[in-house]
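Structure below is my_file.cif: mmCIF, C-alpha atoms and all ligand atoms.
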data_my_file
#
loop_
_atom_site.label_atom_id
_atom_site.label_comp_id
_atom_site.auth_asym_id
_atom_site.auth_seq_id
_atom_site.Cartn_x
_atom_site.Cartn_y
_atom_site.Cartn_z
CA MET A 1 -20.97 14.69 -29.36
CA THR A 2 -20.79 13.85 -25.68
CA THR A 3 -20.55 16.84 -23.40
CA LEU A 4 -18.14 16.32 -20.56
CA ASP A 5 -19.97 18.38 -17.98
CA LEU A 6 -19.52 17.30 -14.40
CA HIS A 7 -20.21 20.91 -13.46
CA ALA A 8 -23.78 20.66 -14.77
CA LEU A 9 -24.13 17.25 -13.12
CA ALA A 10 -23.12 18.68 -9.73
CA LEU A 11 -25.64 21.51 -10.02
CA ALA A 12 -28.35 19.01 -10.96
CA LEU A 13 -27.48 16.75 -8.03
CA LEU A 14 -27.53 19.58 -5.49
CA ARG A 15 -30.67 21.26 -6.83
CA PRO A 16 -32.03 23.74 -5.67
CA TYR A 17 -28.75 24.82 -4.07
CA ARG A 18 -26.01 26.65 -5.99
CA PRO A 19 -22.57 27.92 -4.99
CA GLY A 20 -23.07 30.81 -2.56
CA ALA A 21 -26.19 29.25 -0.97
CA ARG A 22 -26.55 28.15 2.66
CA LEU A 23 -27.78 24.65 3.46
CA ALA A 24 -30.39 24.11 6.20
CA SER A 25 -27.58 23.41 8.73
CA GLY A 26 -26.01 26.83 8.04
CA ALA A 27 -23.04 25.42 6.03
CA ARG A 28 -22.31 27.74 3.09
CA TRP A 29 -21.46 26.26 -0.31
CA LEU A 30 -18.37 28.19 -1.43
CA SER A 31 -17.29 26.62 -4.70
CA LEU A 32 -17.41 23.65 -7.02
CA SER A 33 -14.42 22.03 -8.71
CA THR A 34 -14.46 19.33 -11.38
CA GLU A 35 -10.77 19.61 -12.19
CA SER A 36 -10.01 16.16 -10.82
CA GLY A 37 -13.21 14.48 -9.76
CA LEU A 38 -16.18 16.26 -8.28
CA ARG A 39 -15.40 18.33 -5.22
CA LEU A 40 -17.55 20.84 -3.32
CA ARG A 41 -16.12 23.35 -0.84
CA PHE A 42 -18.13 24.54 2.18
CA GLU A 43 -17.62 26.94 5.00
CA VAL A 44 -18.73 25.26 8.23
CA ASP A 45 -18.49 26.97 11.63
CA GLY A 46 -15.73 29.28 10.35
CA GLY A 47 -13.66 26.43 8.79
CA VAL A 48 -13.35 25.14 5.23
CA VAL A 49 -14.45 21.58 4.42
CA ASP A 50 -14.16 19.87 1.04
CA VAL A 51 -16.56 17.08 0.17
CA GLU A 52 -15.75 14.65 -2.62
CA LEU A 53 -18.64 13.02 -4.47
CA SER A 54 -18.03 9.78 -6.34
CA PRO A 55 -20.24 7.09 -7.83
CA LEU A 56 -20.91 4.43 -5.22
CA ALA A 57 -18.69 1.39 -5.86
CA PRO A 58 -18.24 -1.90 -3.97
CA GLY A 59 -15.65 -1.57 -1.19
CA ALA A 60 -15.61 2.26 -1.36
CA ARG A 61 -15.07 4.14 1.90
CA TYR A 62 -17.39 7.04 2.57
CA ALA A 63 -18.80 9.20 5.37
CA ALA A 64 -22.34 9.09 3.97
CA ARG A 65 -24.06 7.72 0.90
CA SER A 66 -27.19 8.04 -1.15
CA ALA A 67 -28.42 5.25 -3.41
CA GLN A 68 -25.90 6.13 -6.18
CA VAL A 69 -23.33 8.49 -4.68
CA ALA A 70 -20.61 8.26 -1.98
CA PHE A 71 -19.58 11.33 0.05
CA ALA A 72 -16.19 11.78 1.73
CA TYR A 73 -14.89 14.87 3.51
CA ARG A 74 -11.48 16.45 3.93
CA THR A 75 -10.22 19.82 4.99
CA GLU A 76 -8.37 22.11 2.58
CA GLY A 77 -7.03 19.33 0.40
CA GLY A 78 -6.15 17.19 3.44
CA ARG A 79 -3.67 19.73 4.83
CA ARG A 80 -5.48 20.07 8.18
CA ALA A 81 -7.38 17.62 10.36
CA ILE A 82 -11.12 18.05 10.63
CA ASP A 83 -13.59 17.24 13.38
CA GLY A 84 -15.00 13.93 12.07
CA ALA A 85 -18.49 14.48 13.48
CA ARG A 86 -18.75 17.80 11.62
CA GLY A 87 -17.58 16.22 8.36
CA ARG A 88 -20.02 13.31 8.68
CA ARG A 89 -22.92 15.66 9.43
CA LEU A 90 -22.21 17.72 6.33
CA CYS A 91 -21.90 14.58 4.17
CA ALA A 92 -25.19 13.20 5.55
CA GLU A 93 -26.97 16.47 4.79
CA LEU A 94 -25.64 16.44 1.21
CA ALA A 95 -26.64 12.79 0.77
CA THR A 96 -30.22 13.69 1.64
CA ILE A 97 -30.25 16.52 -0.92
CA VAL A 98 -28.71 14.35 -3.63
CA GLU A 99 -31.05 11.42 -2.98
CA ALA A 100 -33.95 13.50 -4.31
CA ASN A 101 -32.10 14.36 -7.55
CA GLU A 102 -29.92 11.42 -8.47
CA ALA A 103 -32.02 10.05 -11.31
CA VAL A 104 -29.76 12.30 -13.46
CA VAL A 105 -26.85 9.91 -12.80
CA LEU A 106 -28.71 7.02 -14.40
CA GLU A 107 -29.67 9.18 -17.40
CA LEU A 108 -26.04 10.18 -17.88
CA ARG A 109 -24.83 6.57 -17.79
CA SER A 110 -27.32 5.36 -20.37
CA GLU A 111 -25.85 7.89 -22.87
CA THR A 112 -22.32 6.49 -22.87
CA ARG A 113 -22.28 2.69 -22.77
CA ARG A 114 -19.85 1.99 -25.62
CA THR A 115 -17.14 4.53 -26.31
CA PRO A 116 -13.61 4.46 -27.72
CA ARG A 117 -10.64 5.23 -25.46
CA ILE A 118 -9.86 8.41 -27.37
CA ARG A 119 -13.15 10.30 -27.31
CA GLU A 120 -13.94 13.63 -28.86
CA VAL A 121 -16.09 15.49 -26.36
CA GLY A 122 -17.54 18.95 -25.85
CA SER A 123 -15.84 21.04 -23.20
CA GLY A 124 -18.81 22.05 -21.11
CA LYS A 125 -17.34 24.60 -18.73
CA LEU A 126 -13.61 24.84 -19.45
CA LEU A 127 -11.90 27.15 -16.95
CA GLU A 128 -11.74 26.12 -13.28
CA THR A 129 -11.16 28.93 -10.79
CA ASP A 130 -8.83 28.37 -7.87
CA PRO A 131 -10.70 28.99 -4.58
CA THR A 132 -8.36 31.94 -3.83
CA GLY A 133 -9.22 33.48 -7.21
CA ALA A 134 -5.51 33.92 -7.99
CA TYR A 135 -5.55 31.78 -11.12
CA VAL A 136 -7.67 29.59 -13.35
CA THR A 137 -6.78 26.18 -14.75
CA LEU A 138 -7.31 24.99 -18.29
CA SER A 139 -7.00 21.49 -19.67
CA PRO A 140 -7.92 20.85 -23.31
CA TYR A 141 -7.57 17.10 -22.58
CA VAL A 142 -8.80 14.94 -19.73
CA GLY A 143 -6.66 11.82 -19.34
CA CYS A 144 -2.99 11.59 -20.27
CA LEU A 145 -1.19 9.30 -22.72
CA ILE A 146 2.11 9.72 -20.85
CA GLY A 147 0.53 7.68 -18.06
CA CYS A 148 3.01 8.04 -15.15
CA ARG A 149 1.92 5.44 -12.65
CA PHE A 150 2.31 7.74 -9.65
CA CYS A 151 0.07 10.38 -11.29
CA TYR A 152 -2.47 11.72 -8.80
CA ALA A 153 -5.05 12.31 -11.53
CA GLN A 154 -5.87 8.65 -12.05
CA SER A 155 -8.17 7.96 -9.07
CA PRO A 156 -10.30 11.09 -9.39
CA LEU A 157 -10.55 10.68 -13.16
CA ALA A 158 -11.48 7.01 -12.79
CA ALA A 159 -14.32 8.24 -10.56
CA SER A 160 -15.31 10.79 -13.22
CA ARG A 161 -15.49 7.98 -15.80
CA ARG A 162 -17.69 5.94 -13.50
CA TRP A 163 -20.16 8.84 -13.29
CA THR A 164 -20.84 8.32 -16.99
CA GLY A 165 -20.79 4.52 -16.92
CA LEU A 166 -17.51 4.24 -18.85
CA PRO A 167 -15.48 1.05 -18.32
CA ASP A 168 -12.46 1.01 -16.01
CA VAL A 169 -9.36 1.03 -18.26
CA PRO A 170 -5.68 1.53 -17.30
CA TRP A 171 -4.45 5.05 -16.59
CA GLY A 172 -2.51 6.32 -19.60
CA SER A 173 -4.74 4.53 -22.13
CA TYR A 174 -7.60 6.99 -22.53
CA VAL A 175 -8.16 10.67 -23.30
CA ASP A 176 -11.19 12.88 -23.65
CA VAL A 177 -10.31 15.45 -26.29
CA ARG A 178 -12.20 18.70 -25.77
CA VAL A 179 -12.37 19.49 -29.46
CA ASP A 180 -14.22 22.79 -29.02
CA ALA A 181 -11.77 24.06 -26.35
CA PRO A 182 -10.44 27.10 -28.33
CA GLU A 183 -13.95 28.38 -29.12
CA VAL A 184 -15.22 27.81 -25.57
CA LEU A 185 -12.08 29.44 -24.17
CA ALA A 186 -12.58 32.58 -26.26
CA HIS A 187 -16.10 32.89 -24.91
CA GLU A 188 -15.06 32.30 -21.28
CA LEU A 189 -12.08 34.68 -21.41
CA ASP A 190 -14.26 37.48 -22.77
CA ALA A 191 -16.51 37.11 -19.72
CA ARG A 192 -13.67 37.36 -17.14
CA SER A 193 -11.02 39.75 -15.95
CA PRO A 194 -7.42 38.75 -16.77
CA ARG A 195 -5.30 36.74 -14.34
CA THR A 196 -2.98 33.72 -14.62
CA ILE A 197 -4.05 30.65 -16.61
CA LYS A 198 -2.39 27.40 -15.63
CA PHE A 199 -2.35 24.74 -18.30
CA CYS A 200 -3.17 22.20 -15.72
CA PRO A 201 -0.81 19.24 -15.63
CA ILE A 202 -3.01 17.55 -13.05
CA VAL A 203 -5.51 15.89 -15.37
CA SER A 204 -3.34 15.75 -18.47
CA ASP A 205 -0.05 16.93 -19.92
CA PRO A 206 -0.74 19.81 -22.34
CA TYR A 207 1.84 18.38 -24.79
CA HIS A 208 1.20 14.63 -24.61
CA ALA A 209 1.31 12.80 -27.93
CA ILE A 210 -2.22 13.53 -29.07
CA GLU A 211 -1.55 17.28 -29.01
CA ALA A 212 0.51 16.73 -32.20
CA ARG A 213 -2.73 15.71 -33.94
CA TYR A 214 -5.30 18.10 -32.40
CA GLU A 215 -3.12 21.11 -31.51
CA LEU A 216 -5.69 22.21 -28.93
CA THR A 217 -3.10 23.55 -26.47
CA GLY A 218 -1.48 25.54 -29.28
CA ARG A 219 -4.79 26.94 -30.52
CA CYS A 220 -5.84 27.86 -26.97
CA LEU A 221 -2.57 29.81 -26.66
CA ASP A 222 -3.50 31.69 -29.85
CA VAL A 223 -6.84 32.62 -28.28
CA ILE A 224 -5.11 33.91 -25.13
CA ALA A 225 -2.52 35.87 -27.14
CA GLU A 226 -5.33 37.85 -28.76
CA ARG A 227 -6.47 39.08 -25.31
CA PRO A 228 -4.06 41.31 -23.36
CA GLY A 229 -3.46 41.00 -19.63
CA TRP A 230 -3.53 37.21 -19.25
CA ARG A 231 -0.49 35.39 -17.92
CA VAL A 232 0.17 31.79 -18.85
CA LEU A 233 1.85 29.02 -16.90
CA ILE A 234 2.70 25.77 -18.67
CA SER A 235 4.28 22.67 -17.24
CA THR A 236 5.06 19.50 -19.19
CA ARG A 237 6.99 16.24 -19.42
CA SER A 238 7.07 16.39 -23.22
CA ALA A 239 9.51 17.89 -25.72
CA LEU A 240 6.62 18.74 -28.06
CA VAL A 241 6.34 21.99 -26.09
CA LEU A 242 9.14 23.44 -28.27
CA ARG A 243 6.76 23.46 -31.23
CA ASP A 244 5.08 26.47 -29.60
CA LEU A 245 8.13 28.72 -29.20
CA PRO A 246 6.69 31.26 -31.69
CA ARG A 247 3.44 31.28 -29.71
CA PHE A 248 5.25 31.85 -26.40
CA ALA A 249 6.92 34.91 -27.92
CA ARG A 250 3.46 36.54 -28.11
CA LEU A 251 2.53 35.78 -24.46
CA ASP A 252 3.38 36.76 -20.90
CA VAL A 253 4.37 33.17 -20.14
CA GLN A 254 6.50 30.94 -17.96
CA VAL A 255 7.17 27.41 -19.19
CA GLY A 256 8.54 24.63 -17.05
CA VAL A 257 9.29 20.94 -17.02
CA SER A 258 8.99 18.27 -14.36
CA LEU A 259 12.50 17.08 -13.62
CA PRO A 260 12.42 14.67 -10.67
CA THR A 261 15.77 13.00 -11.39
CA ALA A 262 18.96 13.40 -13.43
CA ASP A 263 19.22 9.62 -13.88
CA ASP A 264 17.57 8.56 -17.14
CA ALA A 265 17.33 4.90 -16.05
CA ALA A 266 15.23 5.98 -13.05
CA ARG A 267 13.23 8.30 -15.30
CA ARG A 268 12.57 5.41 -17.73
CA HIS A 269 11.52 3.16 -14.85
CA PHE A 270 8.99 5.61 -13.38
CA GLU A 271 7.97 7.68 -16.43
CA PRO A 272 8.56 5.40 -19.44
CA ARG A 273 6.51 7.46 -21.90
CA ALA A 274 7.77 10.90 -20.90
CA ALA A 275 10.66 12.82 -22.49
CA SER A 276 14.14 11.74 -21.40
CA VAL A 277 16.20 13.76 -18.93
CA SER A 278 18.37 15.15 -21.72
CA GLU A 279 15.30 16.12 -23.79
CA ARG A 280 13.81 18.00 -20.83
CA VAL A 281 17.08 19.80 -20.19
CA GLU A 282 17.17 20.71 -23.87
CA VAL A 283 13.64 22.09 -23.55
CA LEU A 284 14.74 24.37 -20.69
CA ARG A 285 17.92 25.39 -22.51
CA THR A 286 16.07 26.24 -25.73
CA LEU A 287 13.35 28.17 -23.91
CA ARG A 288 15.97 30.16 -22.03
CA GLY A 289 17.81 30.85 -25.28
CA ALA A 290 14.57 32.20 -26.75
CA GLY A 291 14.10 34.57 -23.81
CA ILE A 292 11.26 32.58 -22.19
CA ARG A 293 11.22 32.37 -18.38
CA THR A 294 11.57 28.80 -17.19
CA PHE A 295 10.87 26.79 -14.07
CA ALA A 296 11.26 23.20 -12.95
CA ILE A 297 9.09 21.01 -10.75
CA VAL A 298 10.83 18.29 -8.76
CA GLN A 299 8.06 16.04 -7.51
CA PRO A 300 8.11 13.29 -6.43
CA MET A 301 11.73 12.86 -5.40
CA LEU A 302 13.23 10.03 -7.48
CA PRO A 303 16.62 8.32 -7.07
CA GLY A 304 19.63 9.57 -9.04
CA PRO A 305 22.73 11.70 -8.49
CA LEU A 306 21.75 14.67 -6.38
CA ASP A 307 24.62 16.99 -7.31
CA ALA A 308 23.98 16.43 -11.02
CA LEU A 309 20.28 17.25 -10.61
CA ALA A 310 21.05 20.41 -8.64
CA GLU A 311 23.56 21.45 -11.31
CA LEU A 312 20.98 21.08 -14.10
CA LEU A 313 18.37 23.00 -12.15
CA ASN A 314 20.79 25.79 -11.26
CA ALA A 315 21.92 26.03 -14.88
CA TYR A 316 18.59 26.00 -16.74
CA ALA A 317 15.64 26.86 -14.46
CA ASP A 318 14.80 30.42 -13.39
CA SER A 319 12.94 29.02 -10.38
CA VAL A 320 12.22 25.63 -8.85
CA THR A 321 9.52 24.06 -6.70
CA LEU A 322 10.08 20.88 -4.69
CA ASP A 323 7.71 18.36 -3.19
CA VAL A 324 7.78 14.82 -1.86
CA LEU A 325 5.85 11.74 -2.96
CA ARG A 326 2.27 12.25 -1.74
CA GLY A 327 0.90 8.78 -2.45
CA MET A 328 1.71 5.72 -4.56
CA GLU A 329 -1.40 5.69 -6.75
CA GLY A 330 -0.53 2.96 -9.30
CA ALA A 331 3.25 3.00 -8.68
CA ALA A 332 3.52 0.52 -5.80
CA GLU A 333 5.10 -2.05 -8.15
CA ASP A 334 7.61 0.49 -9.48
CA PHE A 335 8.70 1.36 -5.96
CA ALA A 336 8.86 -2.34 -5.00
CA ASP A 337 11.82 -2.78 -7.39
CA ARG A 338 14.88 -3.37 -5.15
CA ARG A 339 16.83 -0.58 -6.91
CA TYR A 340 14.21 1.98 -5.94
CA ALA A 341 12.38 0.64 -2.86
CA HIS A 342 14.20 3.02 -0.50
CA ALA A 343 12.74 6.00 -2.36
CA ALA A 344 9.21 5.19 -1.19
CA SER A 345 9.97 6.04 2.44
CA PRO A 346 8.78 9.44 3.67
CA ALA A 347 12.13 9.86 5.48
CA TRP A 348 14.09 9.37 2.22
CA GLN A 349 11.77 11.72 0.35
CA ARG A 350 12.18 14.43 3.01
CA ALA A 351 15.97 14.00 3.27
CA ARG A 352 16.29 14.15 -0.50
CA LEU A 353 14.21 17.32 -0.68
CA ASP A 354 16.29 18.95 2.06
CA GLY A 355 19.53 17.92 0.34
CA LEU A 356 18.38 19.36 -2.96
CA ARG A 357 17.16 22.56 -1.33
CA ARG A 358 20.64 23.10 0.17
CA ARG A 359 22.28 22.71 -3.24
CA LEU A 360 20.01 25.08 -5.17
CA ARG A 361 20.98 28.68 -5.86
CA VAL A 362 17.89 29.56 -7.93
CA PRO A 363 14.73 30.96 -6.26
CA LEU A 364 12.49 28.29 -4.71
CA TRP A 365 8.71 28.59 -4.54
CA ASP A 366 5.92 26.81 -2.72
CA GLY A 367 2.30 26.65 -3.74
CA GLU A 368 0.81 26.91 -7.19
CA LEU A 369 2.52 29.86 -8.90
CA PRO A 370 6.20 30.75 -9.43
CA PRO A 371 7.47 34.27 -8.76
CA TRP A 372 6.53 36.41 -11.73
S1 LIG B 401 2.62 13.62 -17.49
FE1 LIG B 401 1.61 14.59 -15.73
S2 LIG B 401 -0.60 14.36 -16.12
FE2 LIG B 401 0.47 12.94 -17.48
S3 LIG B 401 0.51 11.02 -16.37
FE3 LIG B 401 2.45 12.05 -15.92
S4 LIG B 401 2.07 13.19 -14.01
FE4 LIG B 401 0.03 12.62 -14.87
#

Could the structure of this file be written out as structure tokens, please?
Amino acid sequence: MTTLDLHALALALLRPYRPGARLASGARWLSLSTESGLRLRFEVDGGVVDVELSPLAPGARYAARSAQVAFAYRTEGGRRAIDGARGRRLCAELATIVEANEAVVLELRSETRRTPRIREVGSGKLLETDPTGAYVTLSPYVGCLIGCRFCYAQSPLAASRRWTGLPDVPWGSYVDVRVDAPEVLAHELDARSPRTIKFCPIVSDPYHAIEARYELTGRCLDVIAERPGWRVLISTRSALVLRDLPRFARLDVQVGVSLPTADDAARRHFEPRAASVSERVEVLRTLRGAGIRTFAIVQPMLPGPLDALAELLNAYADSVTLDVLRGMEGAAEDFADRRYAHAASPAWQRARLDGLRRRLRVPLWDGELPPW
């Protein structure tokens, strides 16, 4: 079985350094994330700098490179500008370290030349800790069969596939199934103190179609239910989530849906393989009826009747978070359609968000966790 372990790869590339260590320049390596691509966080001169590592590809933009790897910097997920000279210096220092170790990349690629699009893989390290320590993320699948074209996971996951020499295939057509996720989770939970676990919708939807066959999300919930103190946050675009109502009853859980529009024609245009608007509303209604706390995520803003959307959110969500379109990813064609082209503009996205905010009576939240 292939082991999907970018974490181990990162440690091998940066040898002898490990998180917590200082580089020769004085930059301190704070943390390592493989949740969507391979990202290292450093503290440099009192500021935080993230560096993304990706396999070198023709036409790629980077601040520094080794023979196999490209390095790009950003600050706190791109939320703040960074002094470019400082970012380039850090990337160049990392490139020098990696250059001495990168034979491991070639070894990894030779293991995985021919593989099916649905792969059963080992989990490697399963839980990713948020840099603030407030929560951990868990994804039993990497890759998502719902395949929304605006999904932000597709570029970083395409880079992850390139690390292992896998072919470029369309987003929405492949999944790595972490078949040992429940067993690995039990082990990892027993070694940690309880906090919130987010079933991460960034690299996959926890209830996309293949969950009906493998039931990994469901079995991971069983593992969590056996251990008191953990909170669970689940977000989905699939009605399969209702299968787990009996499991939710045993957990301290909030369950939400993405609901970016009340217009099912717009939903079908942008999210053709996700649950319909009425199915998602039914999910919220049923969860509420079963005494489960609900939330809704409206992101990106999509066209459709604004009052109707606000009415649904007010009626069925206990809290709501709003955000604008952050990038087209693969959805440029969808937004080029003359019915929807206006929705691509940042001004429309912002005005729509403000209009929705004014209409909502339920609590709004920013950031990663709803009020508990
Ligand atoms: S359902 Fe979520 S994870 Fe899946 S493709 Fe859509 S946005 Fe991405």

Within-12 Å shell of (-18.5, 11.0, 3.0) in input frame, only C-alpha atoms, as a count of residues only: 35

May I ask which of the residues A:Ala347, A:Ala209, A:Ala332, A:Leu145 is the closest one to ligand LIG 401 (chain B), counting all atoms listed in the file?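 Nearest candidate to ligand LIG 401 (chain B) out of A:Ala347, A:Ala209, A:Ala332, A:Leu145: A:Leu145.
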
Given 6 Å and all atoms listed in the file, residues near ligand LIG 401 (chain B) as a VMD selection string: chain A and resid 144 146 to 148 151 201 to 205 237

Would you mind reading off the distance between CA of Asp307 in chain A and CA of Ile234 in chain A, one decimal, in Å?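 We find that CA of Asp307 in chain A and CA of Ile234 in chain A lie 26.2 Å from each other.
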
Taken to one decimal, the CA of Gln154 in chain A-CA of Val175 in chain A distance is 11.7 Å

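Using all atoms listed in the file, the nearest neighbour of Glu43 in chain A within the list A:Arg361, A:Arg195, A:Arg273, A:Arg28 is A:Arg28.
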
I want to know what sits within 9 Å of range 240-242 of chain A, based on only C-alpha atoms, with residues of the same chain fewer than 5 positions away left out; could you give that as a ChimeraX atom specification? /A:206-209,211-212,255,283,286-287

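A straight line drawn from CA of Glu329 in chain A to CA of Ala8 in chain A is 28.1 Å long.
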